[in-house]
Each structure stands twice: as C-alpha cells, then as structure tokens.
Amino acid sequence: MALRKCAALVACLMLLFAAFAGCSGGNTEQDPPDTGQPGTQQPLEPETLTFTESAREDRIQWYGRCYHNAAEGTVSISNASAGFEVAFYGTRLEAEIVADASQMRPPELSGNGYAYLFLDGETSYKEATLIELPDTGGAAQKVVLAEGLEEGEHTAKLIKVTEAKYTGAYVKSVTSDGGFRQPPARPAMKIEIVGDSISAGANAMRTQDADLTDTGSENSLASYGAVAAGMLGAEFNTVCRSGLLLTDSYANIFDYYEKYGERDPAAWDFSLYVPDAVIVDLGTNDKLLGISDAAVRAAYKRLLDLITEKYPQAYIFCCTGAMSSVSADIAAQLGAIAAGLAEEYGGRVTHVELPVVSTAGHPKEADHRSNGLYLTSQMRRVMQL
C-alpha cells in the first residue's frame, strides 16, 4: 500500500512539472524573436525618386504645367506657381535641381529664381521658407529643402514664385533619408490664372513706391488670383508672363496658352487639368501700347472662345483695373470691353472691376490681398460656393 501511494505521488509530481514547464515558455515555437535592446531605433532607409522613365506621380503631386523630359530625366517647374508636393518619412529632404538666372536689363527683372517650401501643412507663404535657386550652369545641383526634422512622417511642397520669362528650374531627383509615402491628395476645386505681370506677382514684395528690377521682388503666390484660390481652398495653374499682350505682337497670349510654357514649348494636354474657373487679367499692356479698343476686343473675344472651347463648363472671370493708374483711361476702356463680352457670353463670363488700383507701378502685396478678397466674394456669389 505504501509503495502504491509513493508511485501515485511521483506520477502527480511528474504531471505538475510538465504542466509548469508548458506555462513558463517551454513551447519555443511561439516565442517572439529577439529584437535587441529595448528602445533601439531601426536605421533610416533613404529613397531617391528619379524621372527618366516617368514623372513618378505615384509618389509626387506636380502642380502647374510641369513638363516631363524623359531624355533629360527632369520635370520642369519653371512656370510661376509650379512645383511639387511629397509625403515622406525621415528627418531630411533634398532635391537635385537645374536652374538658371535672369540676365535681363532694366526695366526687366534680373537675378536668381525663388521658391517657397511649405512643411507639414503650412498654407501661407508667410509661414513657409523662401529658397533661392542659384544658376547651376546647366548641371544639376543639390538643394537641401529641409533638414534636422524630428524623425517621423512629414509633407513638403515646393512652389516656384519667379516666372519662366526670367528663370527656369528643372527637378532631376528628390531624396528623403527615410523613404516616400503616398502623396497628399489634391484640392477638389481647380482654378486657372491667365495674365501678365500683375498675375505673375511682379514687384509685389517691394516696400517702396517705384518698381524694382530684381527677381526677388516677384512673388506669384502674392498675386490677387493666388489669394482668391487660397481663400477658396483651390489648386491653381498659371499662364502668366510680364509684358503679355492680347493682340498679335512680340509676346501675345496665343503664343503660350496651348503650350506647357515659355521654357517648355511642347503642346499642353488640356485634359490634364480642367479648371472650375478661369481668371483672366489681360489688356493693360495692349492699351499702354496704344492698341485700339476694336483690336483689343477682337483678341479678347478670341481668347474667351478658346477658353470656352477647352473648358466648356468653366466660369470665366475677366478682371480689370489693378494697375490702371499708369494711364487714366485704361480702366474705363478695358472695363467696357470686358463688361460687353461678359454680357455677350451670358452667365459663363463675369466682369470683375478690382477695387484697389496701384498708385505707382505694379500692385504691392497689400493691394493684391485686398483685390483677392474682393474677387473671392465675387466668385462665391457667381459660382454659388
């Protein structure tokens, strides 16, 4: 009897030991792998986007008429308000850019091109970082866009604010030290801005009355059309050039409207960007040159016909008056032409007489903002936004 009790006790002890071993991690197939010391960071994995085969729209949102040159492996951001946006992980972002500088003589602008970098949701250029794009002599040069960021997810948007008449810029590559993510979504509303130096923001950033002759005074994002687009939360493209005319001459809108731009004369595919509204501000240079009202009206109508052909559903806002102080009767002449065409086209076209007229030279930043806010109110009214 004693032997049976001892054997039973030994068997129970063996069962308890087996059960204890199973609960304490004896099943090694379910053990997590050893990851090293707690709190250690995995190394960042750099990624570079290049553009020989494509413009990499899977990882970049391009803004503006950005021409992809496969032979050169570049994407042009030469036009005013053109650029790109990326989402990335890491602490640093840089790009290889080919850029040139304006060598024009006064009264034209000379100097390097400029762009603003918007980080992590910044929307105003006043919050953004101004980046100078020096002449690279035809070779790609690395430009540090952001560094020293807290490691993590970031967005970055680079927008060139110097028009293509003066400087060009071509992106060769973009590199993040931690890799790229799906790019941010584009705004739902789209606007196109067609105009001359006023719409390009020429001399908008000066503080003195007289116009300056350096490219640093130009900021296309400060122009009233860009202000209106920002107030409406809209994406916008520009077809703008200082000195641009309506009538046939050395530089008229019909030389540029159906192309990517002055630096990239390939044919533009209008299906790539279909705006909800088009802002037109042209005619000032024609009137300064003494072109007749009849000729200006005919060219204006030709442009509106072209725009309505390309964008049958778009609203068109014909703006006048921002710089008409240089000639007393220009505002009245252009206003009458635009108002007449607006009536002729019915609800599709609206004439907007801008309330703030520059007192000397081009409109300044504050003038543009006031006119942009007014234009916003008119667009909301007409488009029932």
# chains A, B, ... in the order shown; residues from 1 in each chain; ligands from 1
>>> residues_around(residues="A:Val356", least_positions_apart="4", cutoff="10 Å", atoms="only C-alpha atoms", output="number ranges by chain")
A: 321-324, 363, 366-372, 374
>>> write_last_selection(atoms="N, CA and C atoms", output="PDB file, in the first residue's frame")
ATOM      1  N   GLY A 321      -8.357  96.628 -63.934  1.00  0.00           N
ATOM      2  CA  GLY A 321      -8.197  97.789 -63.076  1.00  0.00           C
ATOM      3  C   GLY A 321      -7.064  97.810 -62.091  1.00  0.00           C
ATOM      4  N   ALA A 322      -6.368  96.695 -61.833  1.00  0.00           N
ATOM      5  CA  ALA A 322      -5.398  96.670 -60.737  1.00  0.00           C
ATOM      6  C   ALA A 322      -4.225  97.616 -60.946  1.00  0.00           C
ATOM      7  N   MET A 323      -3.871  97.877 -62.208  1.00  0.00           N
ATOM      8  CA  MET A 323      -2.684  98.708 -62.479  1.00  0.00           C
ATOM      9  C   MET A 323      -3.015  99.840 -63.423  1.00  0.00           C
ATOM     10  N   SER A 324      -4.249 100.231 -63.483  1.00  0.00           N
ATOM     11  CA  SER A 324      -4.651 101.206 -64.495  1.00  0.00           C
ATOM     12  C   SER A 324      -4.303 102.644 -64.138  1.00  0.00           C
ATOM     13  N   PRO A 363       0.995  96.508 -58.557  1.00  0.00           N
ATOM     14  CA  PRO A 363       0.344  96.363 -57.243  1.00  0.00           C
ATOM     15  C   PRO A 363       1.300  95.746 -56.226  1.00  0.00           C
ATOM     16  N   ALA A 366      -0.132  94.187 -50.343  1.00  0.00           N
ATOM     17  CA  ALA A 366      -1.390  94.560 -49.688  1.00  0.00           C
ATOM     18  C   ALA A 366      -2.486  94.848 -50.705  1.00  0.00           C
ATOM     19  N   ASP A 367      -2.120  95.468 -51.847  1.00  0.00           N
ATOM     20  CA  ASP A 367      -3.099  95.723 -52.913  1.00  0.00           C
ATOM     21  C   ASP A 367      -3.662  94.411 -53.445  1.00  0.00           C
ATOM     22  N   HIS A 368      -2.760  93.465 -53.697  1.00  0.00           N
ATOM     23  CA  HIS A 368      -3.187  92.153 -54.196  1.00  0.00           C
ATOM     24  C   HIS A 368      -4.129  91.471 -53.219  1.00  0.00           C
ATOM     25  N   ARG A 369      -3.801  91.562 -51.933  1.00  0.00           N
ATOM     26  CA  ARG A 369      -4.644  90.862 -50.948  1.00  0.00           C
ATOM     27  C   ARG A 369      -6.054  91.447 -50.939  1.00  0.00           C
ATOM     28  N   SER A 370      -6.153  92.770 -50.959  1.00  0.00           N
ATOM     29  CA  SER A 370      -7.484  93.393 -50.973  1.00  0.00           C
ATOM     30  C   SER A 370      -8.263  92.984 -52.210  1.00  0.00           C
ATOM     31  N   ASN A 371      -7.606  93.002 -53.375  1.00  0.00           N
ATOM     32  CA  ASN A 371      -8.284  92.615 -54.614  1.00  0.00           C
ATOM     33  C   ASN A 371      -8.627  91.129 -54.616  1.00  0.00           C
ATOM     34  N   GLY A 372      -7.745  90.314 -54.021  1.00  0.00           N
ATOM     35  CA  GLY A 372      -8.018  88.878 -53.946  1.00  0.00           C
ATOM     36  C   GLY A 372      -9.228  88.558 -53.091  1.00  0.00           C
ATOM     37  N   TYR A 374     -11.742  90.567 -52.580  1.00  0.00           N
ATOM     38  CA  TYR A 374     -12.923  91.011 -53.323  1.00  0.00           C
ATOM     39  C   TYR A 374     -13.279  90.009 -54.421  1.00  0.00           C
TER      40      TYR A 374
END
>>> closest_residue(among="A:Ala222, A:Ala266, A:Val194, A:Met189", to="A:Thr162", atoms="only C-alpha atoms")
A:Ala222
>>> select_by_dssp(residues="stretch 6-247 of chain A", states="strand (DSSP E or B)", output="PyMOL selection string")
chain A and resi 47-50+61-63+68-69+74-76+83-90+93-99+102-103+110-111+113-119+129-133+141-146+152-160+169-176+180+190-195+214+235-240+245
>>> write_last_selection(atoms="C-alpha atoms", output="PDB file, in the first residue's frame")
ATOM      1  CA  GLU A  47      14.965  56.672 -51.143  1.00  0.00           C
ATOM      2  CA  THR A  48      15.586  58.716 -54.285  1.00  0.00           C
ATOM      3  CA  LEU A  49      12.983  59.471 -56.949  1.00  0.00           C
ATOM      4  CA  THR A  50      14.332  59.961 -60.463  1.00  0.00           C
ATOM      5  CA  GLN A  61       1.961  65.575 -56.869  1.00  0.00           C
ATOM      6  CA  TRP A  62       3.072  68.048 -59.560  1.00  0.00           C
ATOM      7  CA  TYR A  63       1.428  71.472 -59.575  1.00  0.00           C
ATOM      8  CA  HIS A  68       8.456  65.792 -68.121  1.00  0.00           C
ATOM      9  CA  ASN A  69      11.572  65.498 -70.279  1.00  0.00           C
ATOM     10  CA  THR A  74      13.855  66.108 -65.483  1.00  0.00           C
ATOM     11  CA  VAL A  75      10.482  67.663 -64.685  1.00  0.00           C
ATOM     12  CA  SER A  76      10.160  71.395 -65.289  1.00  0.00           C
ATOM     13  CA  GLY A  83       6.140  72.847 -58.190  1.00  0.00           C
ATOM     14  CA  PHE A  84       5.652  69.548 -56.385  1.00  0.00           C
ATOM     15  CA  GLU A  85       4.468  68.006 -53.116  1.00  0.00           C
ATOM     16  CA  VAL A  86       5.619  64.812 -51.401  1.00  0.00           C
ATOM     17  CA  ALA A  87       4.933  62.870 -48.222  1.00  0.00           C
ATOM     18  CA  PHE A  88       7.985  61.220 -46.656  1.00  0.00           C
ATOM     19  CA  TYR A  89       9.373  59.613 -43.525  1.00  0.00           C
ATOM     20  CA  GLY A  90      12.612  60.835 -42.029  1.00  0.00           C
ATOM     21  CA  LEU A  93      14.635  66.154 -47.826  1.00  0.00           C
ATOM     22  CA  GLU A  94      16.743  67.352 -50.728  1.00  0.00           C
ATOM     23  CA  ALA A  95      16.396  67.744 -54.480  1.00  0.00           C
ATOM     24  CA  GLU A  96      18.717  67.940 -57.456  1.00  0.00           C
ATOM     25  CA  ILE A  97      17.696  70.976 -59.494  1.00  0.00           C
ATOM     26  CA  VAL A  98      18.967  72.534 -62.699  1.00  0.00           C
ATOM     27  CA  ALA A  99      18.306  76.284 -62.618  1.00  0.00           C
ATOM     28  CA  SER A 102      17.854  86.182 -65.485  1.00  0.00           C
ATOM     29  CA  GLN A 103      20.431  88.414 -67.144  1.00  0.00           C
ATOM     30  CA  SER A 110      17.394  90.168 -63.213  1.00  0.00           C
ATOM     31  CA  GLY A 111      18.678  87.674 -60.661  1.00  0.00           C
ATOM     32  CA  GLY A 113      14.769  82.271 -59.233  1.00  0.00           C
ATOM     33  CA  TYR A 114      12.958  81.759 -55.933  1.00  0.00           C
ATOM     34  CA  ALA A 115      10.630  79.146 -54.455  1.00  0.00           C
ATOM     35  CA  TYR A 116       8.747  78.661 -51.194  1.00  0.00           C
ATOM     36  CA  LEU A 117       8.879  75.430 -49.204  1.00  0.00           C
ATOM     37  CA  PHE A 118       5.734  74.535 -47.234  1.00  0.00           C
ATOM     38  CA  LEU A 119       6.261  71.942 -44.498  1.00  0.00           C
ATOM     39  CA  THR A 129      10.664  79.085 -46.122  1.00  0.00           C
ATOM     40  CA  LEU A 130      11.938  81.140 -49.066  1.00  0.00           C
ATOM     41  CA  ILE A 131      14.574  79.232 -51.037  1.00  0.00           C
ATOM     42  CA  GLU A 132      16.860  80.838 -53.622  1.00  0.00           C
ATOM     43  CA  LEU A 133      17.567  78.746 -56.727  1.00  0.00           C
ATOM     44  CA  GLN A 141      22.873  70.893 -58.049  1.00  0.00           C
ATOM     45  CA  LYS A 142      21.685  69.529 -54.711  1.00  0.00           C
ATOM     46  CA  VAL A 143      19.358  71.855 -52.815  1.00  0.00           C
ATOM     47  CA  VAL A 144      18.567  70.997 -49.186  1.00  0.00           C
ATOM     48  CA  LEU A 145      14.850  71.598 -48.762  1.00  0.00           C
ATOM     49  CA  ALA A 146      14.555  70.512 -45.125  1.00  0.00           C
ATOM     50  CA  GLY A 152       8.626  60.805 -38.490  1.00  0.00           C
ATOM     51  CA  GLU A 153       6.035  61.463 -41.166  1.00  0.00           C
ATOM     52  CA  HIS A 154       6.249  64.832 -42.987  1.00  0.00           C
ATOM     53  CA  THR A 155       4.873  66.616 -46.045  1.00  0.00           C
ATOM     54  CA  ALA A 156       6.754  69.137 -48.163  1.00  0.00           C
ATOM     55  CA  LYS A 157       5.547  71.334 -51.009  1.00  0.00           C
ATOM     56  CA  LEU A 158       7.966  73.382 -53.150  1.00  0.00           C
ATOM     57  CA  ILE A 159       6.414  76.139 -55.299  1.00  0.00           C
ATOM     58  CA  LYS A 160       8.443  78.380 -57.634  1.00  0.00           C
ATOM     59  CA  ALA A 169      14.040  75.294 -62.911  1.00  0.00           C
ATOM     60  CA  TYR A 170      14.119  71.553 -63.609  1.00  0.00           C
ATOM     61  CA  VAL A 171      13.929  68.820 -60.972  1.00  0.00           C
ATOM     62  CA  LYS A 172      16.374  65.955 -61.551  1.00  0.00           C
ATOM     63  CA  SER A 173      15.720  63.940 -58.390  1.00  0.00           C
ATOM     64  CA  VAL A 174      14.185  64.132 -54.919  1.00  0.00           C
ATOM     65  CA  THR A 175      15.677  62.253 -51.942  1.00  0.00           C
ATOM     66  CA  SER A 176      14.361  61.502 -48.451  1.00  0.00           C
ATOM     67  CA  PHE A 180       8.421  58.306 -49.565  1.00  0.00           C
ATOM     68  CA  LYS A 190      -9.298  73.901 -59.676  1.00  0.00           C
ATOM     69  CA  ILE A 191      -8.581  77.399 -60.983  1.00  0.00           C
ATOM     70  CA  GLU A 192      -6.559  78.638 -63.937  1.00  0.00           C
ATOM     71  CA  ILE A 193      -4.993  82.124 -63.904  1.00  0.00           C
ATOM     72  CA  VAL A 194      -4.200  83.796 -67.236  1.00  0.00           C
ATOM     73  CA  GLY A 195      -2.449  87.143 -67.197  1.00  0.00           C
ATOM     74  CA  ASP A 214      15.396  92.250 -59.198  1.00  0.00           C
ATOM     75  CA  GLU A 235      -5.456  74.322 -56.657  1.00  0.00           C
ATOM     76  CA  PHE A 236      -4.371  76.717 -59.404  1.00  0.00           C
ATOM     77  CA  ASN A 237      -2.314  76.745 -62.593  1.00  0.00           C
ATOM     78  CA  THR A 238      -0.911  79.902 -64.144  1.00  0.00           C
ATOM     79  CA  VAL A 239      -0.264  81.040 -67.702  1.00  0.00           C
ATOM     80  CA  CYS A 240       1.357  84.369 -66.842  1.00  0.00           C
ATOM     81  CA  LEU A 245      -0.461  91.016 -74.738  1.00  0.00           C
TER      82      LEU A 245
END
>>> select_by_dssp(residues="stretch 116-281 of chain A", states="helix (DSSP H, G or I)", output="JSON, numbers by chain")
{"A": [197, 198, 199, 200, 215, 216, 217, 220, 221, 222, 224, 225, 226, 227, 228, 229, 230, 231, 253, 254, 255, 270, 271, 272]}
>>> closest_residue(among="A:Glu258, A:Glu53, A:Asp264, A:Asp305", to="A:Val349", atoms="only C-alpha atoms")
A:Asp305
>>> residues_around(residues="A:Thr207", least_positions_apart="5", cutoff="10 Å", atoms="only C-alpha atoms", output="ChimeraX atom specification")
/A:212,217,364-365
>>> atom_distance(atom1="atom CA of A:Leu303", atom2="atom CA of A:Ala228")
21.9 Å
>>> residues_around(residues="A:Val382", least_positions_apart="3", cutoff="9 Å", atoms="only C-alpha atoms", output="ChimeraX atom specification")
/A:315,347,350,377-379,385
>>> write_last_selection(atoms="N, CA, C and O atoms", output="PDB file, in the first residue's frame")
ATOM      1  N   TYR A 315     -16.390  78.601 -65.321  1.00  0.00           N
ATOM      2  CA  TYR A 315     -16.731  80.015 -65.182  1.00  0.00           C
ATOM      3  C   TYR A 315     -15.490  80.831 -65.544  1.00  0.00           C
ATOM      4  O   TYR A 315     -14.356  80.425 -65.248  1.00  0.00           O
ATOM      5  N   GLY A 347     -24.147  84.036 -68.627  1.00  0.00           N
ATOM      6  CA  GLY A 347     -23.706  83.661 -67.290  1.00  0.00           C
ATOM      7  C   GLY A 347     -22.357  82.995 -67.229  1.00  0.00           C
ATOM      8  O   GLY A 347     -21.817  82.792 -66.135  1.00  0.00           O
ATOM      9  N   THR A 350     -18.007  86.669 -66.327  1.00  0.00           N
ATOM     10  CA  THR A 350     -18.318  87.765 -65.414  1.00  0.00           C
ATOM     11  C   THR A 350     -17.187  88.784 -65.434  1.00  0.00           C
ATOM     12  O   THR A 350     -16.007  88.411 -65.355  1.00  0.00           O
ATOM     13  N   SER A 377     -15.102  87.026 -53.076  1.00  0.00           N
ATOM     14  CA  SER A 377     -16.533  87.255 -52.816  1.00  0.00           C
ATOM     15  C   SER A 377     -17.343  87.166 -54.097  1.00  0.00           C
ATOM     16  O   SER A 377     -18.458  86.621 -54.102  1.00  0.00           O
ATOM     17  N   GLN A 378     -16.786  87.680 -55.212  1.00  0.00           N
ATOM     18  CA  GLN A 378     -17.498  87.623 -56.490  1.00  0.00           C
ATOM     19  C   GLN A 378     -17.571  86.194 -57.027  1.00  0.00           C
ATOM     20  O   GLN A 378     -18.596  85.776 -57.585  1.00  0.00           O
ATOM     21  N   MET A 379     -16.518  85.436 -56.855  1.00  0.00           N
ATOM     22  CA  MET A 379     -16.528  84.052 -57.313  1.00  0.00           C
ATOM     23  C   MET A 379     -17.514  83.219 -56.519  1.00  0.00           C
ATOM     24  O   MET A 379     -18.230  82.379 -57.077  1.00  0.00           O
ATOM     25  N   LEU A 385     -20.843  79.242 -54.201  1.00  0.00           N
ATOM     26  CA  LEU A 385     -19.994  78.434 -53.334  1.00  0.00           C
ATOM     27  C   LEU A 385     -20.335  78.650 -51.872  1.00  0.00           C
ATOM     28  O   LEU A 385     -20.721  79.756 -51.489  1.00  0.00           O
TER      29      LEU A 385
END
>>> residues_around(residues="A:Asp293", least_positions_apart="3", cutoff="10 Å", atoms="only C-alpha atoms", output="VMD selection string")
chain A and resid 283 286 to 287 290 296 to 299 333 to 334 336 to 337
>>> write_last_selection(atoms="C-alpha atoms", output="PDB file, in the first residue's frame")
ATOM      1  CA  GLY A 283      -5.237  94.054 -71.967  1.00  0.00           C
ATOM      2  CA  ASP A 286      -2.119  96.446 -75.159  1.00  0.00           C
ATOM      3  CA  LYS A 287      -3.654  99.727 -74.020  1.00  0.00           C
ATOM      4  CA  GLY A 290      -1.971 102.336 -77.822  1.00  0.00           C
ATOM      5  CA  VAL A 296      -8.294  94.525 -78.075  1.00  0.00           C
ATOM      6  CA  ARG A 297     -11.930  93.460 -78.060  1.00  0.00           C
ATOM      7  CA  ALA A 298     -11.438  91.120 -81.029  1.00  0.00           C
ATOM      8  CA  ALA A 299      -8.417  89.471 -79.395  1.00  0.00           C
ATOM      9  CA  GLN A 333     -11.589 101.165 -71.714  1.00  0.00           C
ATOM     10  CA  LEU A 334     -10.785  97.637 -70.560  1.00  0.00           C
ATOM     11  CA  ALA A 336     -16.124  98.484 -71.001  1.00  0.00           C
ATOM     12  CA  ILE A 337     -14.663  95.778 -73.252  1.00  0.00           C
TER      13      ILE A 337
END
